[in-house]
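Okay, structure first, notes after.
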Amino acid sequence: MGVLLGLLFLAALAAPLIFRALGRTGFVALSLVPFVGLVHSLTLIPTVFSDSPEPVVEVLGWMPQLSMSIVLRMDALSWILSLLVTGVGGLVFVYCSRYFDSDEVRLARFAGVLMAFVGMMYGLVVADELLTLFIFWEGTTVFSYLLIGQYAGRQQSRRAALQALIVTTFGGLSMFVGMILLGVHYGTGRITEIVAIGYDGHGLTALAIVLLLIGALSKSALIPFHFWLPGAMAAPTPVSAYLHAAAMVKAGIYLVLRLSPGFADMPYWREGLIAVGLLTMLLGGWQALKETDLKLILAYGTVSQLGFMTMMASFGDRDVTTAALALLLAHSMFKATLFLTVGIIDHRVGTRDLRKLSGYGRSYPLIAVFGTVSAVSMAGLPPTMGFLAKEAVYGTLLDHGTKLAIVTLIGVFLGSVLTVAYSARFVWGAFASKPGVEATVRTESDGPLLTAAPAVLTLMTIGGAFAAGVIDRIATSWSSQLAVDPAADPADPYHVALWHGFEPALLVSALTIVAGVTMFVFRRQVGLFQAALPDGIDFHRSYRRIIGGLEKSAAFVTARTQRGSMPFYQGVIYVFAIGALGITLLNNDVWPEEVVWIDSAVQVLPAAIMVMAAVMVTRMTKRFAAVVVCGLTGYAMVVFFAFQGAPDLALTQILVETITIVVFVFVLRRLPARIGKGDSRVTPALRTVIAVSFAVVMMVLAVVVLGARQHLPISGVFPRLAYEGGHGQNIVNVTLVDIRAWDTMGELAVVIACAIGVASLVFVTGQGDSISPLGAPRRGRSRFQPVTESVRPRPLDLSGTPESRTHSVPAGDAPTAEEKRNAWLLAGRTLAPGNRSIVLEVAVRLLFHAFLVFSVYLLFAGHNNPGGGFAAGLVAGLAFITRYLAGGRYEFAEAVRLPSGLLMGVGMLFAAGTAASGFLWGHAALQSFYVSTDLPLLGYVSFGSSVIFDIGVYLIVVGLVVGIIRSLAVEVDIQLVEDEDRIAEELPNDVDTAEYDRIRELLGRTDRLDVDGTSAGGRL
């Protein structure tokens, strides 16, 4: 199971390469992976169907010290769901190979996301640990959001995807709280162990189960969360066929089936689920009769059937659960086929409106057979799997004998009547000839791959009815382990069969069919009756009102708290910190017996520098000087680390401080040179009081914390752990990539999220990764590319007409290979002569590669010497910064050909892959593996998997620095050029150079320069 999960996710990652080689036929190649999963499940038949079945269990150590493991379990219930996940999934991939056109945009991305969803769904049904289940559960939520929003250019798709994400995430978070409560209360996260213990009568257990059921109801689109499913029909039809018929919406049903054996006797379990399921079944069926879009008819029909299955799954006893599983299998077959059939109709005709379709069944009889047989199964007519399931439902409910079962039977009968009616309406709307409607003209067929999936599913729908014994054996493989209802005969379990003889269940089925067909025959009268009824609760409108209310509330709170004043924000934070920490210190009972003010005289120098620099910054009037002086505090800390014997920290600190200053300088170009005087009502005296108070509280807190230790610090054993466990002598690096690797992974994720957030704020229309190197053809249209490949910037020319005032002029063809070899920097000649520094260009040319080599040295030497992936990445980032400083943005584009997102993504893949690789040699996640040997010339060599983790850190840091340069340096360059262009176009022809320079200088102090020389800040 674990290997299959790995194959599914690897296939998702490999999708772009596969599609680059095979085009849309890559779907067929990818379908082999879920089919392998199907074969694997089939090979487990002897285990699942044995007289004494033993589940297949795999335990992967996650964090054994905290009793957290990834537990995968294949029992009868998981086995049944795995057949649907892999079998229907593989067929949908084959269908996609001809459903989408060969020039479909983002097709490889769609295939990769769909394959990742298959992996998440497979992991969900085999997970036997609460947190593992939650990870896969939310994984299906995220990937379904991406699949529903495949057509991102359509507003309807974006809204539907966001709606589904919000609703299902709400349920998922609710379920997460329930899982935490349940795991803490029962003392275990194993689902099977919790179910085996069952309901213990504790109120905390009841609360936890209710929260879990909220997640199940939201995922399976039951009232009041049902409205997201019809909206999700904006997704491509294969997504609807798989996610919304056979896979994702079954997750909630699966969870109810999984928990029912242990919690069905909990007060109001059955009553609550039956009430919600019955309302959902009736509402969905009633709404399906109103729709004219074939896909929406099926969507509301799916909502209705999900309510139906929830009612049956809630009983938790042997016979009714047998019927529930038969219904689950039948529904997956016929509903997936119906969606795929609608996709073919839409693909060939271009419409799903039943009012515009006429004679399609005559033009495409094979498709009509698929759709009709599946609709017949949905209606519960023989000889189909739907009939088997409906008979099983009626028979088991009649045999149950309780009042609750009778109420359920009545509700199922009413809902089934509606099902027959909308099933007949679907067949009539899709395939019948209608008077006054133009007949559908037959076009060229799209080949067998488009019809293969619905053909196979249709054969299974028919074949399953005649192989009722197999369906019964599959269903009873799980239900036979459950408790028997007191009214039933323990020795005579219910068996699924095509013919049970003349019995009450058959009579109820006949009445259902007659009533449903009658509703269809009098569909006009039914439609008029529906129109005359008052509108019920519009859940979709209620959702929009709730979201709108949240947005208004957020705007109200933001308008009153986010005043746009940085001093105000800082003041609030400092005052709150002073109060909270001060009260804590006053209530503290542990104070140090003595305070050591200084360890050695050499500490005085860096401390004095930091104090003086901090005071000087408060008196600075120019931003650049303030940044430089502020940087002195960081460099003084470097000296302090060096004196304390921490060269690794000193190296990291000096690199971080240098890059920080450079980044500040990048941003300062868009800010006024001088620090403005604020108009805050807070007086300088009050600011001084707040600042001094905060400083005093923090100093006292540091003294108390450092002196209040009562036990030996854990860091005391780090040297031994680093050398014996991590095989390294650099304690800091080994701690980051081995001892505390989980923390480092979390920090890497935060770094990537921050980088994406900054880039998203800076680049409104797109990332800056698309800046083209000199001579490279432009890929796509981007505002960050030069106007032509042969345009090179030069100073503004104020002579001539306004049209001639431009920041660049044509300069012939792109530089040749010979010119590139002879240039110190490839893009140096793109700079204006006044902005070039030959000394800097020569120095950068000589030092750039040395920096990169040094960074690689730090990367691999950091396990035993100062360095490591973080410091090495910063050195490489500084190398790229020097290329930008010497040659500008085009030189930077020549130096960095890879997008920052790709670098960070590959780095995270290395780190996460190292975490998972611990499983390969039978250990826990992130447990390192080391090999050592003697090699010729090199001598003794030791290599550990933590080095691969460190490579990931290296790539992420390089990607972060590259992203910073593109966001805060290149983008600022472009904005400055755009401002110069606008000034040149708007100023009169007779303006002199001095006046122009004055305007350019003042431009940084204003928000926008208008034609008449005014701005938001007043006249220039």
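Simple scheme: letters A, B, ... for chains in structure tokens order, numbers from 1 for residues in each chain, numbers from 1 for ligands in the order shown.
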
Test item: residues at most 9 Å from segment 446-463 of chain A, only C-alpha atoms, excluding those fewer than 5 positions along its chain, as a ChimeraX atom specification: /A:88,90-99,330,333-334,336-338,340-341,344,348,366-367,369-371,373-374,377,383-386,468

Produce a file of the selected residues containing N, CA and C atoms, as a CSV table (one decimal), in the first residue's frame.
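And here's part-v9.csv as it stands now:
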chain,number,residue,atom,x,y,z
A,88,VAL,N,-12.3,2.8,-11.2
A,88,VAL,CA,-13.0,3.9,-11.9
A,88,VAL,C,-11.9,5.0,-12.2
A,90,GLY,N,-8.8,4.6,-13.1
A,90,GLY,CA,-8.1,4.3,-14.3
A,90,GLY,C,-8.9,4.5,-15.6
A,91,LEU,N,-10.2,4.1,-15.5
A,91,LEU,CA,-11.1,4.3,-16.6
A,91,LEU,C,-11.3,5.8,-17.0
A,92,VAL,N,-11.3,6.6,-16.0
A,92,VAL,CA,-11.5,8.0,-16.2
A,92,VAL,C,-10.3,8.6,-16.9
A,93,PHE,N,-9.1,8.1,-16.5
A,93,PHE,CA,-7.9,8.6,-17.2
A,93,PHE,C,-7.9,8.2,-18.7
A,94,VAL,N,-8.4,7.0,-19.0
A,94,VAL,CA,-8.5,6.6,-20.4
A,94,VAL,C,-9.5,7.5,-21.1
A,95,TYR,N,-10.6,7.8,-20.5
A,95,TYR,CA,-11.6,8.6,-21.1
A,95,TYR,C,-11.1,10.0,-21.4
A,96,CYS,N,-10.2,10.5,-20.4
A,96,CYS,CA,-9.6,11.9,-20.6
A,96,CYS,C,-8.8,12.0,-21.8
A,97,SER,N,-8.2,10.9,-22.3
A,97,SER,CA,-7.3,10.9,-23.4
A,97,SER,C,-7.9,11.4,-24.7
A,98,ARG,N,-9.2,11.2,-24.8
A,98,ARG,CA,-9.9,11.7,-26.0
A,98,ARG,C,-11.0,12.7,-25.6
A,99,TYR,N,-11.3,12.9,-24.4
A,99,TYR,CA,-12.3,14.0,-24.0
A,99,TYR,C,-11.7,15.3,-24.2
A,330,ALA,N,-23.3,0.0,-6.7
A,330,ALA,CA,-24.2,0.2,-7.8
A,330,ALA,C,-24.1,1.7,-8.2
A,333,MET,N,-21.1,2.7,-10.2
A,333,MET,CA,-21.1,2.2,-11.6
A,333,MET,C,-22.0,3.1,-12.5
A,334,PHE,N,-23.3,3.3,-12.0
A,334,PHE,CA,-24.2,4.0,-12.9
A,334,PHE,C,-24.0,5.5,-13.0
A,336,ALA,N,-21.1,7.2,-12.5
A,336,ALA,CA,-19.9,7.6,-13.2
A,336,ALA,C,-20.2,7.4,-14.7
A,337,THR,N,-20.9,6.4,-15.1
A,337,THR,CA,-21.3,6.2,-16.5
A,337,THR,C,-22.2,7.3,-17.0
A,338,LEU,N,-23.1,7.8,-16.3
A,338,LEU,CA,-24.0,8.8,-16.7
A,338,LEU,C,-23.2,10.1,-16.9
A,340,LEU,N,-20.0,10.4,-17.6
A,340,LEU,CA,-19.2,10.3,-18.8
A,340,LEU,C,-20.0,10.4,-20.1
A,341,THR,N,-21.2,9.8,-20.0
A,341,THR,CA,-22.1,9.9,-21.2
A,341,THR,C,-22.5,11.4,-21.5
A,344,ILE,N,-19.7,13.0,-23.2
A,344,ILE,CA,-19.7,12.7,-24.7
A,344,ILE,C,-20.7,13.6,-25.4
A,348,ARG,N,-19.7,16.3,-28.3
A,348,ARG,CA,-20.0,16.2,-29.7
A,348,ARG,C,-21.1,17.2,-30.1
A,366,LEU,N,-25.2,3.8,-29.6
A,366,LEU,CA,-24.3,3.2,-28.6
A,366,LEU,C,-24.3,4.0,-27.3
A,367,ILE,N,-24.1,5.3,-27.5
A,367,ILE,CA,-24.1,6.2,-26.3
A,367,ILE,C,-25.5,6.2,-25.6
A,369,VAL,N,-27.4,3.7,-25.5
A,369,VAL,CA,-27.5,2.4,-24.7
A,369,VAL,C,-26.8,2.6,-23.4
A,370,PHE,N,-25.6,3.2,-23.4
A,370,PHE,CA,-24.9,3.4,-22.1
A,370,PHE,C,-25.7,4.3,-21.2
A,371,GLY,N,-26.2,5.4,-21.6
A,371,GLY,CA,-26.9,6.3,-20.8
A,371,GLY,C,-28.2,5.7,-20.3
A,373,VAL,N,-29.1,2.4,-20.0
A,373,VAL,CA,-28.9,1.3,-19.0
A,373,VAL,C,-28.5,1.9,-17.7
A,374,SER,N,-27.7,2.9,-17.6
A,374,SER,CA,-27.3,3.4,-16.4
A,374,SER,C,-28.4,4.2,-15.7
A,377,SER,N,-30.6,1.6,-14.1
A,377,SER,CA,-30.0,1.1,-12.9
A,377,SER,C,-30.2,2.1,-11.8
A,383,PRO,N,-32.8,-5.7,-15.3
A,383,PRO,CA,-31.8,-6.5,-14.5
A,383,PRO,C,-30.5,-5.7,-14.4
A,384,THR,N,-30.4,-4.9,-13.4
A,384,THR,CA,-29.2,-4.0,-13.2
A,384,THR,C,-28.8,-4.1,-11.7
A,385,MET,N,-27.6,-3.6,-11.5
A,385,MET,CA,-27.1,-3.6,-10.1
A,385,MET,C,-27.9,-2.6,-9.2
A,386,GLY,N,-28.5,-1.6,-9.8
A,386,GLY,CA,-29.3,-0.7,-9.1
A,386,GLY,C,-30.6,-1.4,-8.5
A,468,ALA,N,-24.8,-11.7,-9.0
A,468,ALA,CA,-25.3,-11.2,-7.7
A,468,ALA,C,-24.5,-11.9,-6.6

Could you pull the residues within 9 Å of Tyr242 of chain A, counting only C-alpha atoms, minus those fewer than 3 positions along the same chain, as a ChimeraX atom specification? /A:85,88-89,92,237-239,245-248,332,336,339

Can you spit out the residues from that selection as a PDB file, in the first residue's frame, using N, CA and C atoms?
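Output saved as result-v5.pdb:
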ATOM      1  N   VAL A  85     -11.784   3.400  -6.169  1.00  0.00           N
ATOM      2  CA  VAL A  85     -10.792   4.464  -6.342  1.00  0.00           C
ATOM      3  C   VAL A  85      -9.859   4.161  -7.498  1.00  0.00           C
ATOM      4  N   VAL A  88     -12.287   2.812 -11.203  1.00  0.00           N
ATOM      5  CA  VAL A  88     -12.953   3.927 -11.885  1.00  0.00           C
ATOM      6  C   VAL A  88     -11.936   5.007 -12.224  1.00  0.00           C
ATOM      7  N   GLY A  89     -10.952   5.195 -11.360  1.00  0.00           N
ATOM      8  CA  GLY A  89      -9.920   6.193 -11.644  1.00  0.00           C
ATOM      9  C   GLY A  89      -9.162   5.887 -12.915  1.00  0.00           C
ATOM     10  N   VAL A  92     -11.346   6.597 -15.954  1.00  0.00           N
ATOM     11  CA  VAL A  92     -11.508   8.035 -16.195  1.00  0.00           C
ATOM     12  C   VAL A  92     -10.266   8.595 -16.891  1.00  0.00           C
ATOM     13  N   THR A 237     -16.046  17.393 -17.120  1.00  0.00           N
ATOM     14  CA  THR A 237     -16.892  16.230 -16.864  1.00  0.00           C
ATOM     15  C   THR A 237     -16.133  15.049 -16.264  1.00  0.00           C
ATOM     16  N   PRO A 238     -14.904  14.726 -16.683  1.00  0.00           N
ATOM     17  CA  PRO A 238     -14.197  13.623 -16.012  1.00  0.00           C
ATOM     18  C   PRO A 238     -14.038  13.845 -14.514  1.00  0.00           C
ATOM     19  N   VAL A 239     -13.873  15.096 -14.105  1.00  0.00           N
ATOM     20  CA  VAL A 239     -13.783  15.395 -12.677  1.00  0.00           C
ATOM     21  C   VAL A 239     -15.099  15.078 -11.988  1.00  0.00           C
ATOM     22  N   ALA A 245     -18.951  11.388  -8.190  1.00  0.00           N
ATOM     23  CA  ALA A 245     -19.808  10.223  -8.357  1.00  0.00           C
ATOM     24  C   ALA A 245     -19.200   8.995  -7.699  1.00  0.00           C
ATOM     25  N   ALA A 246     -17.899   8.744  -7.940  1.00  0.00           N
ATOM     26  CA  ALA A 246     -17.302   7.485  -7.512  1.00  0.00           C
ATOM     27  C   ALA A 246     -16.329   7.613  -6.360  1.00  0.00           C
ATOM     28  N   ALA A 247     -15.765   8.785  -6.113  1.00  0.00           N
ATOM     29  CA  ALA A 247     -14.644   8.841  -5.168  1.00  0.00           C
ATOM     30  C   ALA A 247     -14.889   9.813  -4.018  1.00  0.00           C
ATOM     31  N   MET A 248     -14.632  11.097  -4.239  1.00  0.00           N
ATOM     32  CA  MET A 248     -14.541  12.033  -3.123  1.00  0.00           C
ATOM     33  C   MET A 248     -15.825  12.091  -2.294  1.00  0.00           C
ATOM     34  N   SER A 332     -21.757   3.922  -7.794  1.00  0.00           N
ATOM     35  CA  SER A 332     -20.510   4.295  -8.457  1.00  0.00           C
ATOM     36  C   SER A 332     -20.514   3.881  -9.921  1.00  0.00           C
ATOM     37  N   ALA A 336     -21.142   7.225 -12.462  1.00  0.00           N
ATOM     38  CA  ALA A 336     -19.944   7.561 -13.238  1.00  0.00           C
ATOM     39  C   ALA A 336     -20.228   7.422 -14.727  1.00  0.00           C
ATOM     40  N   PHE A 339     -22.318  10.462 -15.984  1.00  0.00           N
ATOM     41  CA  PHE A 339     -21.523  11.672 -16.163  1.00  0.00           C
ATOM     42  C   PHE A 339     -20.649  11.581 -17.406  1.00  0.00           C
TER      43      PHE A 339
END

Which of A:Phe520, A:Tyr857, A:Phe387, A:Tyr494 sits closest to Leu506 of chain A [using only C-alpha atoms]: A:Phe387

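Atom CA of Val705 of chain A is found 28.6 Å from atom CA of Gln729 of chain A.
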
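Counting only C-alpha atoms, Pro16 of chain A has the following residues at most 9 Å away, ignoring those fewer than 6 positions along the same chain: Leu107, Ala108, Arg109, Ala111 and Gly112 of chain A.
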
If we count only C-alpha atoms and set the cut-off at 9 Å, which residues sit around Thr408 of chain A, ignoring sequence neighbours fewer than 2 positions away in its own chain? Please answer as a ChimeraX atom specification. /A:274-275,278,311-312,397,403-406,410-413

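From atom CA of Pro592 of chain A back to atom CA of Arg709 of chain A, the distance works out to 8.8 Å.
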
Which residues are close to segment 951-960 of chain A, i.e. within 6 Å by only C-alpha atoms, leaving aside same-chain residues fewer than 6 positions away? Reply as a PyMOL selection string. chain A and resi 869-870+873+877+900+903-904+907-908+910-911
